[in-house]
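Visitor: Dropping a structure here in structure tokens format, bear with me for questions.
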Amino acid sequence: MTLALAIVLSACNRNHYTFDASGSFEAEETIISAEAQGILKLFDVQEGQILQAGRQIGYIDSIQLHLRKKQLEAQIVAIAGKKPDIPVQLSALQEQLRTAEREKTRIAKLVEGDGATPKQLDDITAQVEVLKKQIEAQKSSLGISSESINNEIVPLQIQIEQLADQLDKCRIVNPVSGTVLTKYAEANEMASIGKPLYKIADLSNIILRAYITGKQLPQVRLNQKVRVWTDDGNGGYKETEGTITWISDKAEFTPKTIQTKDERANKVYAVKVRVKNDGSYKIGMYGEISFN
């Protein structure tokens with residue numbers, strides 16, 4: 001077979017394929033940012049690395065936060081030490097009350113046998129009532145004092161909880177499984193809240209964002225299975241199955257990657273096709289889809 005004939009047959013073979021839409025592959029990317037401020041003491045991330053969700057990959061210096069937490073805990077211990085021991089402080093009055101009640105019982109029996117006067121019984125009864133009121137007043141006063149100290153402790157406990165949350169955020173934990181696409185920081189650099197650290201995406205499933213015309217819109221629906229085609233590198237196409245997961249409800253101009261000005265002036269609708277990635281599909285690759 002001559003070279004010219006081979007080229008013609010190859011072109012005919014490629015022209016045999018007809019496609020309904022085309023676009024490029026993308027992934028659902030997530031930018032992970034720092035949640036605390038300080039020096040990155042450890043940052044074990046490399047571009048291209050596959051990370052599992054929940055894995056700790058580094059931490060930010062947290063010594064000052066830890067020391068502030070210990071200081072607040074010491075303050076709580078010191079303040080709590082001022083709380084009155086209510087049972088101990090009431091014990092003397094309660095013992096006086098028990099003694100007075102026993103004396104009242106004894107005098108009441110003597111009054112019945114004319115061994116004591118009614119005035120003596122009235123006096124001891126009044127003494128018992130006075131002691132009861134003293135105990136109640138002392139109990140109220142000590143309770144108010146104790147409650148006041150508890151109220152002083154509450155804001156400190158809340159501050160400790162805030163510091164515990166900040167300390168937890170000093171741990172850099174990867175939130176989603178995927179492949180690290182870009183690394184923005186290095187160990188020993190200064191991190192600040194909101195500063196991007198790295199970009200990650202789950203490449204096990206990849207998205208083909210394609211564009212269809214308004215006339216094609218009635219032919220597509222969510223969860224519809226479509227055929228996805230990409231160049232195989234040998235002059236042909238690699239075929240796989242994809243699922244339409246999103247259809248834009250607004251028309252937009254054709255992307256500028258379309259070659260001619262007239263085609264770019266047309267309005268189209270974007271669709272997203274999810275494709276199971278065997279490792280051969282890369283972000284930015286071009287792909288084609290057919291509905292049938």
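How things are named: the first chain in the structure tokens is A, the next is B, and so on; residues count from 1 in each chain; ligands count from 1 in the order shown.
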Using only C-alpha atoms, find each residue in region 47-107 of chain A having at least one atom no more than 12 Å away from region 125-149 of chain A; report its shortest atom-to-atom pair and that distance in Å (one decimal), rows by chain then rising number, as CSV.

Guide:
```
residue,atom,partner,partner_atom,distance
A:Gln75,CA,A:Ile149,CA,11.8
A:Ile76,CA,A:Ile149,CA,9.7
A:Val77,CA,A:Ile149,CA,11.2
A:Ala78,CA,A:Ile149,CA,10.6
A:Ile79,CA,A:Ile149,CA,6.8
A:Ala80,CA,A:Ile149,CA,6.9
A:Gly81,CA,A:Ile149,CA,9.5
A:Lys82,CA,A:Ile149,CA,7.6
A:Lys83,CA,A:Ser146,CA,5.4
A:Pro84,CA,A:Ser146,CA,6.4
A:Asp85,CA,A:Leu142,CA,8.4
A:Ile86,CA,A:Leu142,CA,6.4
A:Pro87,CA,A:Lys139,CA,9.0
A:Val88,CA,A:Lys139,CA,11.0
A:Gln89,CA,A:Gln138,CA,8.6
A:Leu90,CA,A:Ile135,CA,6.8
A:Ser91,CA,A:Ile135,CA,9.4
A:Ala92,CA,A:Ile135,CA,9.6
A:Leu93,CA,A:Ile135,CA,6.4
A:Gln94,CA,A:Ile135,CA,7.1
A:Glu95,CA,A:Leu131,CA,9.9
A:Gln96,CA,A:Leu131,CA,7.5
A:Leu97,CA,A:Leu131,CA,5.8
A:Arg98,CA,A:Val128,CA,8.7
A:Thr99,CA,A:Val128,CA,9.2
A:Ala100,CA,A:Val128,CA,5.8
A:Glu101,CA,A:Val128,CA,6.4
A:Arg102,CA,A:Val128,CA,9.9
A:Glu103,CA,A:Thr125,CA,9.3
A:Lys104,CA,A:Thr125,CA,6.4
A:Thr105,CA,A:Thr125,CA,9.6
A:Arg106,CA,A:Thr125,CA,11.6
A:Ile107,CA,A:Thr125,CA,9.8
```

Visitor: Include N, CA, C and O atoms and write out the residues we just selected as a compact mmCIF listing (two decimals), in the first residue's frame.

Guide:
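Result file is out-v4.txt:
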```
# COMPACT_ATOMS: atom_id res chain seq x y z
N GLN A 75 -6.24 30.33 85.34
CA GLN A 75 -7.14 31.36 85.89
C GLN A 75 -8.41 30.72 86.44
O GLN A 75 -8.90 31.12 87.50
N ILE A 76 -8.92 29.74 85.75
CA ILE A 76 -10.14 29.07 86.20
C ILE A 76 -9.89 28.37 87.53
O ILE A 76 -10.72 28.44 88.46
N VAL A 77 -8.75 27.71 87.66
CA VAL A 77 -8.42 27.03 88.92
C VAL A 77 -8.32 28.04 90.06
O VAL A 77 -8.83 27.80 91.16
N ALA A 78 -7.69 29.19 89.76
CA ALA A 78 -7.53 30.22 90.81
C ALA A 78 -8.87 30.79 91.23
O ALA A 78 -9.14 30.99 92.42
N ILE A 79 -9.74 31.07 90.28
CA ILE A 79 -11.06 31.64 90.59
C ILE A 79 -11.92 30.61 91.32
O ILE A 79 -12.61 30.93 92.29
N ALA A 80 -11.88 29.37 90.85
CA ALA A 80 -12.69 28.32 91.48
C ALA A 80 -12.27 28.10 92.92
O ALA A 80 -13.09 27.70 93.77
N GLY A 81 -11.00 28.39 93.23
CA GLY A 81 -10.53 28.22 94.60
C GLY A 81 -11.15 29.21 95.57
O GLY A 81 -11.08 29.03 96.79
N LYS A 82 -11.76 30.28 95.04
CA LYS A 82 -12.41 31.27 95.89
C LYS A 82 -13.85 30.91 96.23
O LYS A 82 -14.49 31.60 97.02
N LYS A 83 -14.37 29.87 95.62
CA LYS A 83 -15.75 29.49 95.88
C LYS A 83 -15.91 29.04 97.33
O LYS A 83 -15.09 28.26 97.84
N PRO A 84 -16.93 29.50 98.00
CA PRO A 84 -17.13 29.11 99.40
C PRO A 84 -17.58 27.65 99.52
O PRO A 84 -18.32 27.15 98.67
N ASP A 85 -17.10 27.01 100.59
CA ASP A 85 -17.55 25.65 100.87
C ASP A 85 -18.81 25.78 101.72
O ASP A 85 -18.76 25.90 102.96
N ILE A 86 -19.95 25.77 101.08
CA ILE A 86 -21.22 26.07 101.74
C ILE A 86 -21.51 25.13 102.92
O ILE A 86 -21.85 25.59 104.02
N PRO A 87 -21.39 23.81 102.78
CA PRO A 87 -21.68 22.93 103.93
C PRO A 87 -20.79 23.22 105.14
O PRO A 87 -21.26 23.20 106.29
N VAL A 88 -19.50 23.51 104.90
CA VAL A 88 -18.58 23.78 106.01
C VAL A 88 -18.95 25.07 106.71
O VAL A 88 -18.98 25.16 107.95
N GLN A 89 -19.25 26.11 105.90
CA GLN A 89 -19.54 27.42 106.50
C GLN A 89 -20.89 27.44 107.20
O GLN A 89 -21.13 28.30 108.06
N LEU A 90 -21.77 26.55 106.87
CA LEU A 90 -23.08 26.49 107.53
C LEU A 90 -23.08 25.53 108.72
O LEU A 90 -24.04 25.51 109.51
N SER A 91 -22.05 24.73 108.85
CA SER A 91 -22.06 23.67 109.87
C SER A 91 -22.18 24.22 111.29
O SER A 91 -22.87 23.64 112.14
N ALA A 92 -21.52 25.35 111.60
CA ALA A 92 -21.57 25.91 112.96
C ALA A 92 -22.99 26.33 113.31
O ALA A 92 -23.50 26.02 114.41
N LEU A 93 -23.65 27.06 112.40
CA LEU A 93 -25.03 27.50 112.67
C LEU A 93 -25.98 26.31 112.77
O LEU A 93 -26.91 26.31 113.59
N GLN A 94 -25.76 25.31 111.91
CA GLN A 94 -26.64 24.15 111.94
C GLN A 94 -26.48 23.37 113.26
O GLN A 94 -27.45 22.82 113.79
N GLU A 95 -25.24 23.36 113.80
CA GLU A 95 -25.03 22.69 115.09
C GLU A 95 -25.73 23.48 116.22
O GLU A 95 -26.35 22.87 117.12
N GLN A 96 -25.67 24.82 116.12
CA GLN A 96 -26.37 25.64 117.11
C GLN A 96 -27.88 25.41 117.03
O GLN A 96 -28.56 25.35 118.07
N LEU A 97 -28.38 25.25 115.82
CA LEU A 97 -29.81 25.01 115.64
C LEU A 97 -30.21 23.67 116.25
O LEU A 97 -31.25 23.57 116.93
N ARG A 98 -29.41 22.63 116.03
CA ARG A 98 -29.73 21.32 116.59
C ARG A 98 -29.73 21.37 118.13
O ARG A 98 -30.61 20.79 118.79
N THR A 99 -28.76 22.11 118.70
CA THR A 99 -28.68 22.24 120.16
C THR A 99 -29.91 22.98 120.69
O THR A 99 -30.52 22.59 121.70
N ALA A 100 -30.31 24.07 119.98
CA ALA A 100 -31.47 24.85 120.41
C ALA A 100 -32.75 24.03 120.30
O ALA A 100 -33.64 24.14 121.18
N GLU A 101 -32.87 23.21 119.28
CA GLU A 101 -34.08 22.39 119.12
C GLU A 101 -34.16 21.33 120.21
O GLU A 101 -35.26 21.01 120.71
N ARG A 102 -33.00 20.76 120.59
CA ARG A 102 -33.02 19.80 121.70
C ARG A 102 -33.43 20.49 123.01
O ARG A 102 -34.19 19.95 123.81
N GLU A 103 -32.89 21.72 123.21
CA GLU A 103 -33.24 22.48 124.42
C GLU A 103 -34.73 22.83 124.43
O GLU A 103 -35.39 22.79 125.48
N LYS A 104 -35.25 23.16 123.25
CA LYS A 104 -36.68 23.49 123.15
C LYS A 104 -37.52 22.28 123.54
O LYS A 104 -38.53 22.40 124.27
N THR A 105 -37.13 21.09 123.08
CA THR A 105 -37.88 19.86 123.41
C THR A 105 -37.83 19.61 124.92
O THR A 105 -38.83 19.23 125.56
N ARG A 106 -36.64 19.82 125.51
CA ARG A 106 -36.50 19.58 126.96
C ARG A 106 -37.36 20.55 127.77
O ARG A 106 -38.05 20.15 128.71
N ILE A 107 -37.34 21.84 127.37
CA ILE A 107 -38.12 22.85 128.12
C ILE A 107 -39.61 22.60 127.95
O ILE A 107 -40.40 22.79 128.89
```

Visitor: Using DSSP on the backbone coordinates, identify all residues within region 46-258 of chain A classified as strand (DSSP E or B); present the result as number ranges by chain.

Guide: A: 50-51, 56-60, 171-173, 178-183, 190-191, 196-201, 205-212, 225-231, 237-247, 252-253

Visitor: Would you output that residue set with C-alpha atoms, as an mmCIF file, in the first residue's frame?

Guide:
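Now in part-v7.cif:
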```cif
data_model
loop_
_atom_site.group_PDB
_atom_site.id
_atom_site.type_symbol
_atom_site.label_atom_id
_atom_site.label_comp_id
_atom_site.auth_asym_id
_atom_site.auth_seq_id
_atom_site.Cartn_x
_atom_site.Cartn_y
_atom_site.Cartn_z
ATOM 1 C CA ILE A 50 -3.151 11.225 45.741
ATOM 2 C CA LEU A 51 -4.593 12.125 49.134
ATOM 3 C CA GLN A 56 -3.345 15.108 58.243
ATOM 4 C CA ILE A 57 -0.736 16.583 55.909
ATOM 5 C CA GLY A 58 0.802 19.270 58.095
ATOM 6 C CA TYR A 59 0.357 21.732 60.901
ATOM 7 C CA ILE A 60 0.820 25.418 61.681
ATOM 8 C CA ARG A 171 -3.815 20.880 62.009
ATOM 9 C CA ILE A 172 -3.990 20.787 58.209
ATOM 10 C CA VAL A 173 -6.331 17.916 57.377
ATOM 11 C CA GLY A 178 -8.306 13.376 45.146
ATOM 12 C CA THR A 179 -5.115 14.314 43.344
ATOM 13 C CA VAL A 180 -3.095 17.412 44.234
ATOM 14 C CA LEU A 181 -3.094 19.646 41.143
ATOM 15 C CA THR A 182 -1.204 22.701 42.383
ATOM 16 C CA LYS A 183 0.809 23.470 45.510
ATOM 17 C CA MET A 190 4.070 32.132 56.851
ATOM 18 C CA ALA A 191 0.452 31.080 56.552
ATOM 19 C CA PRO A 196 -4.481 29.003 49.569
ATOM 20 C CA LEU A 197 -2.257 26.026 50.334
ATOM 21 C CA TYR A 198 -3.024 23.630 47.492
ATOM 22 C CA LYS A 199 -5.615 22.693 44.881
ATOM 23 C CA ILE A 200 -7.073 19.194 44.751
ATOM 24 C CA ALA A 201 -9.521 17.394 42.487
ATOM 25 C CA ASN A 205 -14.448 10.781 37.637
ATOM 26 C CA ILE A 206 -13.806 13.613 35.199
ATOM 27 C CA ILE A 207 -16.178 16.084 33.588
ATOM 28 C CA LEU A 208 -16.484 16.830 29.879
ATOM 29 C CA ARG A 209 -18.001 20.282 29.464
ATOM 30 C CA ALA A 210 -19.536 20.274 25.981
ATOM 31 C CA TYR A 211 -21.745 22.714 24.108
ATOM 32 C CA ILE A 212 -24.936 21.997 22.208
ATOM 33 C CA LYS A 225 -26.093 8.023 28.739
ATOM 34 C CA VAL A 226 -23.960 9.307 25.852
ATOM 35 C CA ARG A 227 -20.897 8.133 23.943
ATOM 36 C CA VAL A 228 -17.679 10.043 24.603
ATOM 37 C CA TRP A 229 -14.832 10.087 22.093
ATOM 38 C CA THR A 230 -11.232 11.255 22.454
ATOM 39 C CA ASP A 231 -8.172 10.986 20.240
ATOM 40 C CA TYR A 237 -10.698 7.583 18.626
ATOM 41 C CA LYS A 238 -11.078 6.079 22.046
ATOM 42 C CA GLU A 239 -14.699 5.487 22.992
ATOM 43 C CA THR A 240 -16.321 5.310 26.425
ATOM 44 C CA GLU A 241 -19.664 5.967 28.087
ATOM 45 C CA GLY A 242 -20.604 9.109 29.979
ATOM 46 C CA THR A 243 -23.616 10.457 31.867
ATOM 47 C CA ILE A 244 -25.116 13.933 31.507
ATOM 48 C CA THR A 245 -25.166 15.385 35.023
ATOM 49 C CA TRP A 246 -25.945 19.043 34.319
ATOM 50 C CA ILE A 247 -27.607 21.097 31.585
ATOM 51 C CA GLU A 252 -24.126 31.622 26.125
ATOM 52 C CA PHE A 253 -21.839 32.472 23.240
#
```

Visitor: By how many Å are CA of Glu35 (chain A) and CA of Gln166 (chain A) apart?

Guide: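 It comes out at 8.1 Å.
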
Visitor: Take CA of Glu73 (chain A) and CA of Leu167 (chain A) and report the distance between them in Å, one decimal.

Guide: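 Those two atoms sit 15.0 Å apart.
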
Visitor: Write out as a ChimeraX atom specification all residues of region 198-290 of chain A that DSSP puts in alpha helix (DSSP H) for this structure's backbone.

Guide: /A:261-265

Visitor: Deliver the residues from the most recent selection as a file, using all heavy atoms, as a short mmCIF file (atom, residue, chain, number, x, y, z; two decimals), in the first residue's frame.

Guide:
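Result file follows (part.cif):
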```
data_model
loop_
_atom_site.label_atom_id
_atom_site.label_comp_id
_atom_site.auth_asym_id
_atom_site.auth_seq_id
_atom_site.Cartn_x
_atom_site.Cartn_y
_atom_site.Cartn_z
N LYS A 261 -15.24 33.02 13.41
CA LYS A 261 -15.94 34.09 14.09
C LYS A 261 -17.45 33.88 14.05
O LYS A 261 -18.16 34.14 15.02
CB LYS A 261 -15.58 35.43 13.43
CG LYS A 261 -16.23 36.63 14.10
CD LYS A 261 -15.78 37.92 13.44
CE LYS A 261 -16.46 39.13 14.11
NZ LYS A 261 -16.04 40.39 13.46
N ASP A 262 -17.94 33.38 12.90
CA ASP A 262 -19.39 33.15 12.78
C ASP A 262 -19.87 32.11 13.78
O ASP A 262 -20.94 32.24 14.38
CB ASP A 262 -19.72 32.70 11.35
CG ASP A 262 -19.54 33.84 10.34
OD1 ASP A 262 -19.55 35.01 10.78
OD2 ASP A 262 -19.38 33.54 9.15
N GLU A 263 -19.07 31.04 13.96
CA GLU A 263 -19.46 30.00 14.90
C GLU A 263 -19.43 30.52 16.33
O GLU A 263 -20.26 30.17 17.16
CB GLU A 263 -18.53 28.79 14.76
CG GLU A 263 -18.79 27.98 13.49
CD GLU A 263 -17.81 26.84 13.36
OE1 GLU A 263 -16.63 27.03 13.71
OE2 GLU A 263 -18.22 25.76 12.93
N ARG A 264 -18.47 31.40 16.63
CA ARG A 264 -18.37 31.94 17.97
C ARG A 264 -19.55 32.86 18.28
O ARG A 264 -19.88 33.10 19.44
CB ARG A 264 -17.06 32.72 18.14
CG ARG A 264 -15.83 31.84 18.20
CD ARG A 264 -14.67 32.58 18.86
NE ARG A 264 -14.32 33.80 18.16
CZ ARG A 264 -13.41 33.89 17.22
NH1 ARG A 264 -12.76 32.79 16.83
NH2 ARG A 264 -13.13 35.04 16.64
N ALA A 265 -20.17 33.42 17.26
CA ALA A 265 -21.29 34.34 17.46
C ALA A 265 -22.57 33.60 17.81
O ALA A 265 -23.53 34.20 18.30
CB ALA A 265 -21.51 35.20 16.22
#
```

Visitor: Nearest to Asp278 (chain A): which of A:Ala53, A:Ile39, A:Leu203, A:Leu67 is it, counting only C-alpha atoms?

Guide: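 Comparing A:Ala53, A:Ile39, A:Leu203, A:Leu67 against Asp278 (chain A), the winner is A:Leu203.
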
Visitor: How far is it from CA of Ser24 (chain A) to CA of Lys282 (chain A), in Å with one decimal?

Guide: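 These two atoms are separated by 9.4 Å.
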
Visitor: May I have the residues within 10 Å of Leu40 (chain A) as a ChimeraX atom specification, using only C-alpha atoms and disregarding those fewer than 2 positions away in the same chain?

Guide: /A:34,36-38,42-43,58-62,170,172,185-192

Visitor: For those residues, write N, CA and C atoms to a file as a compact mmCIF listing (two decimals), in the first residue's frame.

Guide:
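Listing of result01.txt after writing:
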```txt
# COMPACT_ATOMS: atom_id res chain seq x y z
N ALA A 34 -5.57 27.88 54.39
CA ALA A 34 -5.22 27.81 55.81
C ALA A 34 -6.36 28.37 56.66
N ALA A 36 -5.67 28.98 60.01
CA ALA A 36 -4.98 29.59 61.15
C ALA A 36 -3.80 30.40 60.62
N GLN A 37 -3.23 31.19 61.50
CA GLN A 37 -2.09 32.04 61.12
C GLN A 37 -0.85 31.60 61.88
N GLY A 38 0.26 31.51 61.15
CA GLY A 38 1.52 31.11 61.78
C GLY A 38 2.45 30.47 60.76
N LEU A 42 5.06 21.97 59.26
CA LEU A 42 5.10 20.76 58.44
C LEU A 42 4.04 20.89 57.35
N PHE A 43 4.44 20.57 56.11
CA PHE A 43 3.48 20.62 55.00
C PHE A 43 3.90 19.55 53.99
N GLY A 58 -0.08 18.24 57.56
CA GLY A 58 0.80 19.27 58.09
C GLY A 58 0.18 19.97 59.28
N TYR A 59 0.92 20.93 59.82
CA TYR A 59 0.36 21.73 60.90
C TYR A 59 1.05 23.09 60.94
N ILE A 60 0.34 24.05 61.53
CA ILE A 60 0.82 25.42 61.68
C ILE A 60 1.24 25.62 63.13
N ASP A 61 2.31 26.37 63.35
CA ASP A 61 2.84 26.61 64.70
C ASP A 61 1.71 27.07 65.63
N SER A 62 1.58 26.38 66.77
CA SER A 62 0.46 26.66 67.68
C SER A 62 0.92 26.87 69.12
N CYS A 170 -5.13 24.49 63.45
CA CYS A 170 -3.70 24.51 63.13
C CYS A 170 -3.28 23.19 62.48
N ILE A 172 -3.54 20.72 59.61
CA ILE A 172 -3.99 20.79 58.21
C ILE A 172 -4.44 19.39 57.82
N ALA A 185 2.11 26.62 48.65
CA ALA A 185 2.91 27.00 49.82
C ALA A 185 3.95 25.93 50.10
N GLU A 186 4.95 26.30 50.90
CA GLU A 186 6.00 25.38 51.30
C GLU A 186 6.17 25.43 52.82
N ALA A 187 6.76 24.38 53.37
CA ALA A 187 7.03 24.35 54.81
C ALA A 187 7.95 25.51 55.18
N ASN A 188 7.71 26.05 56.38
CA ASN A 188 8.46 27.19 56.95
C ASN A 188 8.04 28.53 56.38
N GLU A 189 7.05 28.55 55.50
CA GLU A 189 6.49 29.82 55.05
C GLU A 189 5.42 30.28 56.04
N MET A 190 5.11 31.56 55.98
CA MET A 190 4.07 32.13 56.85
C MET A 190 2.70 31.88 56.23
N ALA A 191 1.83 31.31 57.00
CA ALA A 191 0.45 31.08 56.55
C ALA A 191 -0.46 32.08 57.24
N SER A 192 -1.50 32.47 56.56
CA SER A 192 -2.51 33.36 57.14
C SER A 192 -3.88 32.79 56.82
```

Visitor: Which residue, A:Val273, A:Val268, A:Ile32, A:Ile193, has the smallest gap to Val176 (chain A) when you use only C-alpha atoms?

Guide: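 Using only C-alpha atoms, the shortest distance to Val176 (chain A) belongs to A:Ile32.
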